[in-house]
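Here the structure comes first, spelled out in structure tokens, and everything after it is commentary.
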Amino acid sequence: MPGIIHTEKLAKRFPGHKKGEVVDAVRDLDLDVDKGEIFGLLGPNGAGKTTAMRMLCTLLVPTGGKATVAGYDLTTQAPEIRRHIGYVGQKGGMEQVATGRENLLLHAQLYRMSKAEATRRIDALIERLKLSAFADRKTETYSGGQRRIFDLASGVINAPELLFLDEPTTGLDPQSRARVWDEVKALHEQGTSIFLTTHYLEEADALCDRVAIVDLGRMVALGTPAELKKQIAGDILTVSYDTAERAEAAARLLEGNPVMLERHPIENGQQLYVDKGDEALPVILRILGQGGAAPKSVHLSRPSLDDVFLKLTGRSMRDTGEGAH
Amino acid sequence: MRDIYLITMNEIRVTIRNPFWAFSGLFQPIIYLLLFGPLLNGIAGVRGFPGGGSAIQFFAPGLLIMNALFGSGFEGFTLRDKLDSGFLERLRVTPISRLSLALGFILQTSINLVVQSILLLIVALFFGLRFDLLGALVLLVLIVLIGITMASVSYRLGLKIREGGILAGIVNTFVLPAMILSGIMLPINFGPPIIQMAARIDPFYYAVNASRALIAGHVGDPSVLSALAVFLVLSAACLAVFIRGMREAVA
């Protein structure tokens with residue numbers, strides 16, 4: 001069965017700031033997204049997630065490779081693709097001085113719905129998403145969470161078979177985030193395929209059937225969240241110090257010790273991958289204590305997607321700075 | 001066609017809900033009528049001064065052109081807002097064609113300009129302006145062509161330039177000399193030959209001359225035909241450039 005999204009060596013190259021310089025925002029991306037799944041692109045800011053999504057939504061023209069979206073060719077059938085997809089960008093896109101309902105009506109009519117048909121569909125959406133309390137207020141008065149749910153309503157106004165969500169919960173408070181997650185799950189249960197980008201690991205973990213981890217324009221890993229986390233054997237023990245020198249001293253003390261499977265330096269500390277965390281903890285603490293490098297704090301955790309990212313790229317997602325989107 | 005209508009109506013609704021902006025657009029020309037017009041009274045009688053010795057007959061036609069020039073010249077900022085808010089992006093993923101989107105914006109600008117110009121003509125009546133009705137109607141056509149020209153250029157720049165300050169700088173760099181050389185404020189024929197030569201390459205010079213002829217009722221004046229021809233060509237060219245810009249993937 002053909003997937004809802006298929007890409008082959010999809011690429012986007014932008015001209016750089018200096019003359020002759022180029023920026024490869026997305027390089028040789030090969031993706032296959034199945035019908036009905038929630039697929040996440042996970043990566044830090046500047047990884048190329050948004051660029052990849054904007055190409056698939058027909059907002060950016062690729063500079064290389066090919067793709068089909070919802071069964072249509074990306075380069076030659078953009079208008080057909082637009083009819084079959086929904087898209088919620090980072091900025092939403094509501095007209096500020098119009099009400100939520102008016103915005104939805106405009107969008108619905110642009111999808112070639114008659115006014116009566118559009119009104120029925122909007123009433124149903126407002127009812128289902130419980131938006132009636134503020135649907136007739138100007139969107140400039142909405143809270144971040146209210147606006148987001150309305151953006152989502154606009155994204156599904158044409159009952160798309162594939163919905164794109166670009167960082168759907170960035171900047172939202174925890175309740176609003178949970179609300180958005182619930183709605184995304186509900187859409188998924190109704191059979192909508194969902195493609196989202198996020199830099200929140202919990203989000204990818206909580207929502208996605210499969211996750212592609214991207215960094216510097218390249219896909220570095222692909223799998224279910226569980227599969228990705230399984231790449232990291234055992235548990236993770238993080239030891240932290242006041243200074244980088246003491247953290248290095250700890251690394252020297254543990255070097256070659258079989259209790260430690262793998263080690264990744266972090267700022268003023270070390271991440272140690274161990275087989276059984278509860279048994280390894282006292283052993284490691286003893287070695288460090290005897291060597292004069294007792295840590296300031298210790299943290300034992302099950303692997304997260306952040307750890308997968310760290311292992312694959314050598315950097316923590318939190319360490320990577322802001323970049324182009 | 002329905003798409004163009006939907007976009008235009010949405011933009012008109014936005015304009016109506018922002019009465020401050022609708023009024024502030026008219027505020028400047030009225031200040032000119034109130035404060036600059038009387039300054040001309042003393043010199044309007046000088047021999048060779050256009051307008052038949054009346055300051056208002058000289059200045060009001062120019063003011064209408066100025067309103068079109070400035071009002072539409074800064075439309076790029078509204079497009080900038082639409083890009084920043086994601087509004088344009090939201091529309092671009094719907095099946096609407098780029099052409100309809102561009103024409104919807106342009107149509108709204110034109111309607112806005114016609115309404116403003118009519119209001120301005122009415123205000124100018126109270127300052128003593130006398131105008132020919134047929135001439136005024138033809139003038140509205142010319143004003144719409146100017147509006148399409150300027151709005152297209154401004155929109156195209158707005159698509160390209162992210163920084164609002166730089167956008168304002170570029171627009172001002174072109175609009176200000178275009179306005180001065182058009183003879184809106186003072187007649188060009190009083191200037192040195194070099195300025196008179198420069199005015200000949202300013203399309204707005206022809207527009208202002210035509211505007212004065214039309215207000216005076218000389219619909220058949222050669223200046224009217226040349227101004228209409230100049231701006232018919234310019235507006236078509238600029239509109240094409242803007243539509244092409246909308247078709248390319250932008251911001």
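How things are named: the first chain in the structure tokens is A, the next is B, and so on; residues count from 1 in each chain; ligands count from 1 in the order shown.
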- Message: Using only C-alpha atoms, which protein or nucleic acid residues come within 8 Å of stretch 99-103 of chain B? Drop anything in the same chain fewer than 2 positions from it, and give the result as a ChimeraX atom specification.
- Response: /B:1,3-4,7,96-97,105-107,242-243,246-247
Please dump the current selection as a CSV table (one decimal), in the first residue's frame; keep N, CA and C atoms.
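Final output, result-v1.csv:
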```csv
chain,number,residue,atom,x,y,z
B,1,MET,N,-13.1,33.6,-9.4
B,1,MET,CA,-13.7,34.9,-9.2
B,1,MET,C,-14.3,35.0,-7.8
B,3,ASP,N,-13.1,33.5,-5.3
B,3,ASP,CA,-11.9,33.6,-4.4
B,3,ASP,C,-11.5,35.1,-4.2
B,4,ILE,N,-11.5,35.8,-5.4
B,4,ILE,CA,-11.1,37.2,-5.4
B,4,ILE,C,-12.0,38.0,-4.5
B,7,ILE,N,-11.5,37.2,-0.7
B,7,ILE,CA,-10.3,37.9,-0.2
B,7,ILE,C,-10.6,39.4,-0.1
B,96,ILE,N,-6.7,28.2,-3.1
B,96,ILE,CA,-6.8,29.5,-3.8
B,96,ILE,C,-5.6,29.7,-4.7
B,97,SER,N,-5.8,30.2,-5.9
B,97,SER,CA,-4.7,30.5,-6.7
B,97,SER,C,-4.0,31.8,-6.3
B,105,PHE,N,-6.1,41.4,-3.0
B,105,PHE,CA,-5.4,42.4,-2.3
B,105,PHE,C,-5.5,43.7,-3.1
B,106,ILE,N,-5.2,43.6,-4.4
B,106,ILE,CA,-5.1,44.8,-5.2
B,106,ILE,C,-6.5,45.5,-5.3
B,107,LEU,N,-7.5,44.6,-5.5
B,107,LEU,CA,-8.9,45.2,-5.6
B,107,LEU,C,-9.3,45.9,-4.3
B,242,PHE,N,4.2,41.8,-9.5
B,242,PHE,CA,3.6,41.3,-8.2
B,242,PHE,C,3.1,39.9,-8.2
B,243,ILE,N,2.3,39.6,-9.3
B,243,ILE,CA,1.7,38.3,-9.4
B,243,ILE,C,2.7,37.3,-9.5
B,246,MET,N,4.0,36.6,-6.1
B,246,MET,CA,3.1,35.7,-5.3
B,246,MET,C,3.2,34.3,-5.8
B,247,ARG,N,3.5,34.0,-7.0
B,247,ARG,CA,3.6,32.6,-7.5
B,247,ARG,C,4.8,31.9,-7.0
```
What are the closest atom pairs, with distances in Å to one decimal, for each residue of chain B lying within 8 Å of chain A, using only C-alpha atoms, rows by chain and rising residue number, as JSON lines?
```
{"residue": "B:Asp3", "atom": "CA", "partner": "A:Leu110", "partner_atom": "CA", "distance": 6.4}
{"residue": "B:Leu6", "atom": "CA", "partner": "A:Leu106", "partner_atom": "CA", "distance": 7.0}
{"residue": "B:Asn10", "atom": "CA", "partner": "A:Leu106", "partner_atom": "CA", "distance": 7.7}
{"residue": "B:Arg13", "atom": "CA", "partner": "A:Ala98", "partner_atom": "CA", "distance": 7.9}
{"residue": "B:Val14", "atom": "CA", "partner": "A:Val97", "partner_atom": "CA", "distance": 6.3}
{"residue": "B:Arg17", "atom": "CA", "partner": "A:Val97", "partner_atom": "CA", "distance": 6.7}
{"residue": "B:Asn18", "atom": "CA", "partner": "A:Val97", "partner_atom": "CA", "distance": 7.9}
{"residue": "B:Asp84", "atom": "CA", "partner": "A:Lys91", "partner_atom": "CA", "distance": 7.8}
{"residue": "B:Ser85", "atom": "CA", "partner": "A:Gly93", "partner_atom": "CA", "distance": 5.5}
{"residue": "B:Gly86", "atom": "CA", "partner": "A:Gly93", "partner_atom": "CA", "distance": 4.0}
{"residue": "B:Phe87", "atom": "CA", "partner": "A:Gly93", "partner_atom": "CA", "distance": 3.7}
{"residue": "B:Leu88", "atom": "CA", "partner": "A:Gly93", "partner_atom": "CA", "distance": 7.1}
{"residue": "B:Glu89", "atom": "CA", "partner": "A:Gly93", "partner_atom": "CA", "distance": 6.9}
{"residue": "B:Arg90", "atom": "CA", "partner": "A:Gly93", "partner_atom": "CA", "distance": 5.4}
{"residue": "B:Leu91", "atom": "CA", "partner": "A:His107", "partner_atom": "CA", "distance": 7.4}
{"residue": "B:Arg92", "atom": "CA", "partner": "A:Leu59", "partner_atom": "CA", "distance": 7.2}
{"residue": "B:Val93", "atom": "CA", "partner": "A:Arg82", "partner_atom": "CA", "distance": 5.6}
{"residue": "B:Thr94", "atom": "CA", "partner": "A:Arg82", "partner_atom": "CA", "distance": 5.6}
{"residue": "B:Pro95", "atom": "CA", "partner": "A:Arg82", "partner_atom": "CA", "distance": 5.6}
{"residue": "B:Ile96", "atom": "CA", "partner": "A:Leu110", "partner_atom": "CA", "distance": 6.2}
{"residue": "B:Ala249", "atom": "CA", "partner": "A:Leu60", "partner_atom": "CA", "distance": 5.4}
{"residue": "B:Val250", "atom": "CA", "partner": "A:Leu60", "partner_atom": "CA", "distance": 7.5}
```
- Run DSSP on the backbone and give me the residues of stretch 2-109 of chain B it puts in alpha helix (DSSP H), as a ChimeraX atom specification. /B:2-17,19-31,37-41,55-73,76-84,87-92,98-109
- Assign secondary structure with DSSP using the backbone only, and return the residues of stretch 48-269 of chain A in strand (DSSP E) as JSON, numbers by chain. {"A": [64, 65, 66, 67, 68, 69, 72, 73, 85, 86, 87, 88, 162, 163, 164, 165, 166, 193, 194, 195, 196, 197, 198, 210, 211, 212, 213, 214, 215, 218, 219, 220, 221, 222, 223, 235, 236, 237, 238, 239, 240, 260, 261, 262, 263, 264, 265, 266, 269]}
Keeping only N, CA and C atoms, take the residues you just selected and write them out as a CSV table (one decimal), in the first residue's frame.
```csv
chain,number,residue,atom,x,y,z
A,64,GLY,N,15.8,19.8,-4.6
A,64,GLY,CA,16.3,18.5,-5.1
A,64,GLY,C,15.4,17.4,-4.6
A,65,GLY,N,15.4,16.2,-5.3
A,65,GLY,CA,14.7,15.1,-4.9
A,65,GLY,C,13.2,15.1,-5.4
A,66,LYS,N,12.4,14.1,-5.0
A,66,LYS,CA,11.0,14.2,-5.3
A,66,LYS,C,10.2,13.6,-4.2
A,67,ALA,N,8.9,13.8,-4.3
A,67,ALA,CA,8.0,13.4,-3.2
A,67,ALA,C,6.6,13.3,-3.7
A,68,THR,N,5.8,12.4,-3.1
A,68,THR,CA,4.4,12.4,-3.3
A,68,THR,C,3.7,12.6,-1.9
A,69,VAL,N,2.7,13.4,-1.9
A,69,VAL,CA,1.9,13.7,-0.7
A,69,VAL,C,0.5,13.5,-1.0
A,72,TYR,N,-0.3,12.6,-4.6
A,72,TYR,CA,0.0,13.5,-5.7
A,72,TYR,C,1.4,13.9,-5.7
A,73,ASP,N,1.9,14.2,-6.9
A,73,ASP,CA,3.3,14.6,-7.0
A,73,ASP,C,3.5,16.0,-6.5
A,85,ILE,N,-4.8,18.2,2.1
A,85,ILE,CA,-4.1,18.3,3.4
A,85,ILE,C,-4.6,19.5,4.2
A,86,GLY,N,-4.4,19.4,5.5
A,86,GLY,CA,-4.6,20.5,6.4
A,86,GLY,C,-3.2,20.9,7.0
A,87,TYR,N,-3.1,22.2,7.3
A,87,TYR,CA,-1.8,22.7,7.8
A,87,TYR,C,-2.0,23.7,8.9
A,88,VAL,N,-1.3,23.5,10.0
A,88,VAL,CA,-1.3,24.5,11.1
A,88,VAL,C,0.1,24.9,11.3
A,162,LEU,N,-4.7,14.2,5.6
A,162,LEU,CA,-3.4,14.3,6.2
A,162,LEU,C,-3.3,15.7,6.8
A,163,LEU,N,-2.9,15.7,8.1
A,163,LEU,CA,-2.8,17.0,8.7
A,163,LEU,C,-1.3,17.3,9.1
A,164,PHE,N,-0.8,18.5,8.8
A,164,PHE,CA,0.5,18.9,9.1
A,164,PHE,C,0.4,19.8,10.3
A,165,LEU,N,1.2,19.6,11.4
A,165,LEU,CA,1.3,20.4,12.5
A,165,LEU,C,2.7,20.8,12.8
A,166,ASP,N,3.0,22.1,12.6
A,166,ASP,CA,4.4,22.6,12.8
A,166,ASP,C,4.5,23.1,14.3
A,193,SER,N,-4.3,11.0,9.1
A,193,SER,CA,-2.8,10.8,9.2
A,193,SER,C,-2.3,12.2,9.7
A,194,ILE,N,-1.3,12.1,10.5
A,194,ILE,CA,-0.7,13.3,11.1
A,194,ILE,C,0.8,13.4,11.0
A,195,PHE,N,1.3,14.5,10.5
A,195,PHE,CA,2.7,14.7,10.4
A,195,PHE,C,3.0,15.9,11.2
A,196,LEU,N,3.9,15.8,12.2
A,196,LEU,CA,4.2,16.9,13.0
A,196,LEU,C,5.6,17.1,13.3
A,197,THR,N,6.0,18.4,13.5
A,197,THR,CA,7.4,18.6,14.0
A,197,THR,C,7.4,19.0,15.4
A,198,THR,N,8.4,18.8,16.1
A,198,THR,CA,8.4,19.2,17.5
A,198,THR,C,9.9,19.2,18.0
A,210,ARG,N,5.7,6.9,15.0
A,210,ARG,CA,7.1,6.8,14.6
A,210,ARG,C,7.7,8.2,14.6
A,211,VAL,N,9.0,8.2,14.9
A,211,VAL,CA,9.7,9.4,15.0
A,211,VAL,C,11.0,9.4,14.1
A,212,ALA,N,11.2,10.5,13.3
A,212,ALA,CA,12.5,10.6,12.6
A,212,ALA,C,13.2,11.7,13.4
A,213,ILE,N,14.5,11.4,13.8
A,213,ILE,CA,15.3,12.4,14.4
A,213,ILE,C,16.1,13.1,13.4
A,214,VAL,N,16.0,14.5,13.3
A,214,VAL,CA,16.8,15.2,12.3
A,214,VAL,C,17.8,16.1,13.0
A,215,ASP,N,18.9,16.3,12.4
A,215,ASP,CA,19.9,17.2,12.9
A,215,ASP,C,20.7,17.8,11.7
A,218,ARG,N,19.8,16.6,8.2
A,218,ARG,CA,19.8,15.2,7.9
A,218,ARG,C,19.0,14.4,8.9
A,219,MET,N,18.5,13.2,8.4
A,219,MET,CA,17.8,12.3,9.3
A,219,MET,C,18.9,11.4,9.9
A,220,VAL,N,18.9,11.4,11.2
A,220,VAL,CA,19.9,10.6,11.9
A,220,VAL,C,19.4,9.3,12.5
A,221,ALA,N,18.0,9.2,12.6
A,221,ALA,CA,17.4,8.0,13.2
A,221,ALA,C,16.0,8.0,12.8
A,222,LEU,N,15.4,6.8,12.8
A,222,LEU,CA,14.0,6.6,12.4
A,222,LEU,C,13.5,5.3,13.1
A,223,GLY,N,12.3,5.5,13.8
A,223,GLY,CA,11.8,4.3,14.4
A,223,GLY,C,10.7,4.7,15.4
A,235,ASP,N,20.5,1.8,31.5
A,235,ASP,CA,20.1,3.1,32.1
A,235,ASP,C,21.1,4.1,32.0
A,236,ILE,N,20.7,5.3,32.3
A,236,ILE,CA,21.7,6.4,32.3
A,236,ILE,C,21.9,7.1,33.6
A,237,LEU,N,23.2,7.1,34.0
A,237,LEU,CA,23.6,7.7,35.2
A,237,LEU,C,24.3,9.0,34.9
A,238,THR,N,23.7,10.1,35.4
A,238,THR,CA,24.3,11.4,35.2
A,238,THR,C,25.0,11.9,36.5
A,239,VAL,N,26.3,12.2,36.4
A,239,VAL,CA,27.0,12.7,37.5
A,239,VAL,C,27.4,14.2,37.2
A,240,SER,N,27.1,15.1,38.2
A,240,SER,CA,27.4,16.5,37.9
A,240,SER,C,28.4,17.0,38.9
A,260,MET,N,30.8,0.5,33.1
A,260,MET,CA,30.3,1.6,32.3
A,260,MET,C,30.4,1.1,30.8
A,261,LEU,N,29.2,1.2,30.1
A,261,LEU,CA,29.2,0.7,28.8
A,261,LEU,C,29.6,1.8,27.8
A,262,GLU,N,29.3,3.0,28.1
A,262,GLU,CA,29.5,4.1,27.2
A,262,GLU,C,29.5,5.4,28.0
A,263,ARG,N,30.2,6.4,27.5
A,263,ARG,CA,30.2,7.7,28.3
A,263,ARG,C,30.1,8.9,27.3
A,264,HIS,N,29.2,9.9,27.7
A,264,HIS,CA,29.1,11.1,27.0
A,264,HIS,C,29.4,12.3,27.9
A,265,PRO,N,30.4,13.1,27.6
A,265,PRO,CA,30.6,14.3,28.5
A,265,PRO,C,29.4,15.3,28.2
A,266,ILE,N,29.0,15.9,29.3
A,266,ILE,CA,28.0,17.0,29.2
A,266,ILE,C,28.6,18.2,30.0
A,269,GLY,N,29.9,17.6,33.7
A,269,GLY,CA,29.5,16.3,34.2
A,269,GLY,C,29.7,15.3,33.1
```
- Query: Contacts of B:Gly135 at 12 Å or less, counting only C-alpha atoms, minus same-chain residues fewer than 5 places along, as a PyMOL selection string?
  - Reply: chain B and resi 61+130+140-142+210-221+224
Dump N, CA and C atoms for the selected residues as a compact mmCIF listing (two decimals), in the first residue's frame?
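again.txt, written as the output of this step:
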```txt
# COMPACT_ATOMS: atom_id res chain seq x y z
N PRO B 61 -6.03 69.03 -6.88
CA PRO B 61 -5.80 67.93 -7.83
C PRO B 61 -4.49 67.19 -7.55
N ARG B 130 -13.81 73.79 -7.07
CA ARG B 130 -14.89 73.56 -8.03
C ARG B 130 -14.39 72.54 -9.02
N LEU B 140 -10.74 59.51 -11.22
CA LEU B 140 -10.80 58.33 -10.35
C LEU B 140 -10.18 57.12 -11.05
N VAL B 141 -10.42 57.02 -12.36
CA VAL B 141 -9.83 55.91 -13.13
C VAL B 141 -8.30 56.01 -13.07
N LEU B 142 -7.81 57.23 -13.30
CA LEU B 142 -6.36 57.45 -13.26
C LEU B 142 -5.81 57.12 -11.86
N ALA B 210 -2.51 65.99 -15.58
CA ALA B 210 -3.80 65.45 -16.02
C ALA B 210 -4.87 65.72 -14.98
N SER B 211 -4.50 65.55 -13.72
CA SER B 211 -5.45 65.75 -12.63
C SER B 211 -5.98 67.19 -12.65
N ARG B 212 -5.07 68.17 -12.87
CA ARG B 212 -5.50 69.57 -12.90
C ARG B 212 -6.42 69.83 -14.09
N ALA B 213 -6.08 69.22 -15.22
CA ALA B 213 -6.91 69.39 -16.41
C ALA B 213 -8.30 68.80 -16.18
N LEU B 214 -8.34 67.62 -15.55
CA LEU B 214 -9.62 66.92 -15.34
C LEU B 214 -10.51 67.67 -14.37
N ILE B 215 -9.90 68.17 -13.29
CA ILE B 215 -10.69 68.92 -12.31
C ILE B 215 -11.29 70.16 -12.97
N ALA B 216 -10.50 70.75 -13.89
CA ALA B 216 -10.98 71.95 -14.60
C ALA B 216 -11.96 71.59 -15.71
N GLY B 217 -12.16 70.28 -15.96
CA GLY B 217 -13.14 69.87 -16.95
C GLY B 217 -12.59 69.68 -18.35
N HIS B 218 -11.27 69.75 -18.50
CA HIS B 218 -10.68 69.55 -19.84
C HIS B 218 -10.38 68.07 -20.07
N VAL B 219 -11.44 67.29 -20.25
CA VAL B 219 -11.27 65.84 -20.35
C VAL B 219 -10.45 65.47 -21.58
N GLY B 220 -10.55 66.28 -22.62
CA GLY B 220 -9.85 65.96 -23.86
C GLY B 220 -8.42 66.46 -23.91
N ASP B 221 -7.94 67.06 -22.81
CA ASP B 221 -6.59 67.61 -22.78
C ASP B 221 -5.56 66.52 -23.08
N VAL B 224 -4.18 64.37 -20.28
CA VAL B 224 -5.02 63.29 -19.73
C VAL B 224 -4.72 61.97 -20.43
```
- Message: Applying 10 Å and only C-alpha atoms, which residues near B:Ala227 remain after dropping the ones on its own chain fewer than 3 positions away? List them as a list in words.
- Response: Leu142, Leu145, Ile146, Pro203, Phe204, Tyr205, Tyr206, Ala207, Val208, Asn209, Ala210, Ser211, Pro222, Ser223, Val224, Val230, Phe231 and Leu232 of chain B
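Among the candidates B:Val144, B:Gly183, B:Asp132, B:Gly245, the one nearest to B:Leu63 when counting only C-alpha atoms is B:Gly183.
Nearest residue to A:Ala294 among A:Ala280, A:Ala249, A:Ile126, A:Val274 is A:Ala249, counting only C-alpha atoms.
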- Message: Report, in Å to a single decimal, how far apart atom CA of A:Arg302 and atom CA of A:Pro282 are.
- Response: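 The value is 17.1 Å.
The interatomic distance for the pair atom CA of B:Thr8 and atom CA of B:Glu248 works out to 21.5 Å.
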- Message: To one decimal place in Å, what is the distance between atom CA of A:Gly48 and atom CA of A:Leu216?
- Response: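 Separation between atom CA of A:Gly48 and atom CA of A:Leu216: 6.6 Å.
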So which residues touch A:Thr243 within 9 Å, counting only C-alpha atoms, skipping near sequence neighbours fewer than 4 positions away, as a tab-separated table (two decimals) with N, CA and C atoms, in the first residue's frame?
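What ended up in around.tsv:
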```tsv
chain	number	residue	atom	x	y	z
A	247	ALA	N	34.83	17.20	36.43
A	247	ALA	CA	34.09	16.27	35.57
A	247	ALA	C	35.06	15.42	34.74
A	248	GLU	N	36.16	16.06	34.31
A	248	GLU	CA	37.17	15.32	33.54
A	248	GLU	C	37.90	14.32	34.43
A	267	GLU	N	27.98	19.30	29.98
A	267	GLU	CA	28.54	20.46	30.65
A	267	GLU	C	28.73	20.16	32.15
A	268	ASN	N	29.95	20.27	32.63
A	268	ASN	CA	30.28	20.01	34.04
A	268	ASN	C	29.76	18.67	34.53
A	269	GLY	N	29.92	17.63	33.71
A	269	GLY	CA	29.46	16.33	34.18
A	269	GLY	C	29.65	15.25	33.14
```
- Query: Contacts of B:Pro177 at 12 Å or less, counting only C-alpha atoms, minus same-chain residues fewer than 4 places along, as a list in words?
  - Reply: Met66, Leu69, Ile170, Val171, Asn172, Thr173, Leu181, Ser182, Gly183, Ile184, Met185, Ile195, Ala198, Ala199, Ile201, Asp202, Pro203, Phe204 and Tyr205 of chain B
